[in-house]
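Participant: Provided herewith is a single structure, encoded as structure tokens, for subsequent inquiry.
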Amino acid sequence: MREKRIIKVLCLLLCCSFSQGLDGQVDPEWLSMWNEAKEMMPLEVDSESRIATVDEAGIPLDIIGKLYNPDGTLAKNVILHAYHRDDMGFDFGKDDEATTTWRLQGWAKTDANGAFVFHTIRPAGDHLGREGAHIHFTIVSEAYGNQWPPKVFLADDPDVTLSQHDRSKQLGKFGWVCEVVKMPDLQTMTVNLKLREKGDF
């Protein structure tokens, strides 16, 4: 039974990492999770939102972001969805036994300056040790379609490779390995995301 559960978890982790199939179609497992997440979206979405509740185990983290249009202007009134693992490296609840939608997730809408904030906890890397800590975003844009920007990694995570750091630096302010500022009771990271001309799904 334990081996079957490990195989199931591995399959789901692959779905979350590769949400678009080789034929360009959205992975059906990921799409099921996405559709369930959309059903949970609040009727009113603000620019400041919460992913993890205040009593969630882990180090408090604020994700402070800005979203840009393809031409570099600030993208206002655009909805973003974000999710990440918990502080033990699980996506779907206790030991990933519940495999529906993501447990730690939230929604935000950019303000007039393209800004958004997610209050959450610092995620851990994959509990199987395959990948460093990161946050997934999906952008819901009426003008450019639904898009997946690159996963955002935490720069001080030892599991983030030198190659990842180097590739991220080449993108300047749109790099996806982001510095973490540590204060006594809170950590913060600044994220810059950019829309592309064409959506992913």
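Identifiers in this document derive from the order of the structure tokens: chains are assigned A, B, ..., residues are numbered from 1 separately in each chain, and ligands are numbered from 1 in order of occurrence.
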Run DSSP on the backbone and give me the residues of segment 107-174 of chain A it puts in strand (DSSP E or B), as a list in words.
Facilitator: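 In segment 107-174 of chain A, DSSP puts these residues in strand (DSSP E or B): Trp107, Ala108, Lys109, Ala115, Phe116, Val117, Phe118, His119, Thr120, Ile121, His134, Ile135, His136, Phe137, Thr138, Ile139, Val140, Ser141, Gly145, Asn146, Gln147, Val152, Phe153 and Leu154 of chain A.
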Participant: Those residues with C-alpha atoms, as a PDB file, in the first residue's frame please?
Facilitator:
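As a result, again29.pdb now contains:
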ATOM      1  CA  TRP A 107      -6.191  34.556  -5.298  1.00  0.00           C
ATOM      2  CA  ALA A 108      -5.291  38.216  -5.794  1.00  0.00           C
ATOM      3  CA  LYS A 109      -6.117  40.953  -8.302  1.00  0.00           C
ATOM      4  CA  ALA A 115       0.791  45.323  -7.499  1.00  0.00           C
ATOM      5  CA  PHE A 116      -0.333  42.362  -5.410  1.00  0.00           C
ATOM      6  CA  VAL A 117       0.570  40.797  -2.057  1.00  0.00           C
ATOM      7  CA  PHE A 118       0.131  37.253  -0.778  1.00  0.00           C
ATOM      8  CA  HIS A 119       0.479  36.591   2.974  1.00  0.00           C
ATOM      9  CA  THR A 120       1.540  33.022   3.590  1.00  0.00           C
ATOM     10  CA  ILE A 121       4.271  30.840   5.099  1.00  0.00           C
ATOM     11  CA  HIS A 134       9.040  27.538  -4.861  1.00  0.00           C
ATOM     12  CA  ILE A 135       5.687  29.178  -5.588  1.00  0.00           C
ATOM     13  CA  HIS A 136       3.455  28.477  -8.596  1.00  0.00           C
ATOM     14  CA  PHE A 137       1.457  31.254 -10.247  1.00  0.00           C
ATOM     15  CA  THR A 138      -1.313  31.188 -12.829  1.00  0.00           C
ATOM     16  CA  ILE A 139      -2.354  34.492 -14.394  1.00  0.00           C
ATOM     17  CA  VAL A 140      -5.946  34.950 -15.585  1.00  0.00           C
ATOM     18  CA  SER A 141      -5.828  37.715 -18.191  1.00  0.00           C
ATOM     19  CA  GLY A 145      -5.337  34.429 -21.813  1.00  0.00           C
ATOM     20  CA  ASN A 146      -4.452  32.153 -18.913  1.00  0.00           C
ATOM     21  CA  GLN A 147      -0.698  31.915 -18.439  1.00  0.00           C
ATOM     22  CA  VAL A 152       9.420  31.402  -8.373  1.00  0.00           C
ATOM     23  CA  PHE A 153      12.210  29.932  -6.229  1.00  0.00           C
ATOM     24  CA  LEU A 154      13.668  31.238  -2.967  1.00  0.00           C
TER      25      LEU A 154
END
Participant: Between atom CA of Leu61 of chain A and atom CA of Gln170 of chain A, what is the distance, to one decimal in Å?
Facilitator: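 Atom CA of Leu61 of chain A sits 25.5 Å away from atom CA of Gln170 of chain A.
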Participant: What does the distance from atom CA of Gly132 of chain A to atom CA of Arg167 of chain A come to in Å, to one decimal?
Facilitator: 15.3 Å
Participant: Could you please write out, as a ChimeraX atom specification, every residue of segment 11-185 of chain A that DSSP assigns to alpha helix (DSSP H)?
Facilitator: /A:11-17,28-39,162-169
Participant: Pick from A:Pro28, A:Gly172, A:Gly58, A:Pro42: nearest to Asp185 of chain A, with only C-alpha atoms counted?
Facilitator: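 Counting only C-alpha atoms, the residue closest to Asp185 of chain A is A:Gly58.
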Participant: Report, in Å to a single decimal, how far apart atom CA of Pro158 of chain A and atom CA of Thr101 of chain A are.
Facilitator: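 Computing the Euclidean distance for atom CA of Thr101 of chain A and atom CA of Pro158 of chain A yields 27.9 Å.
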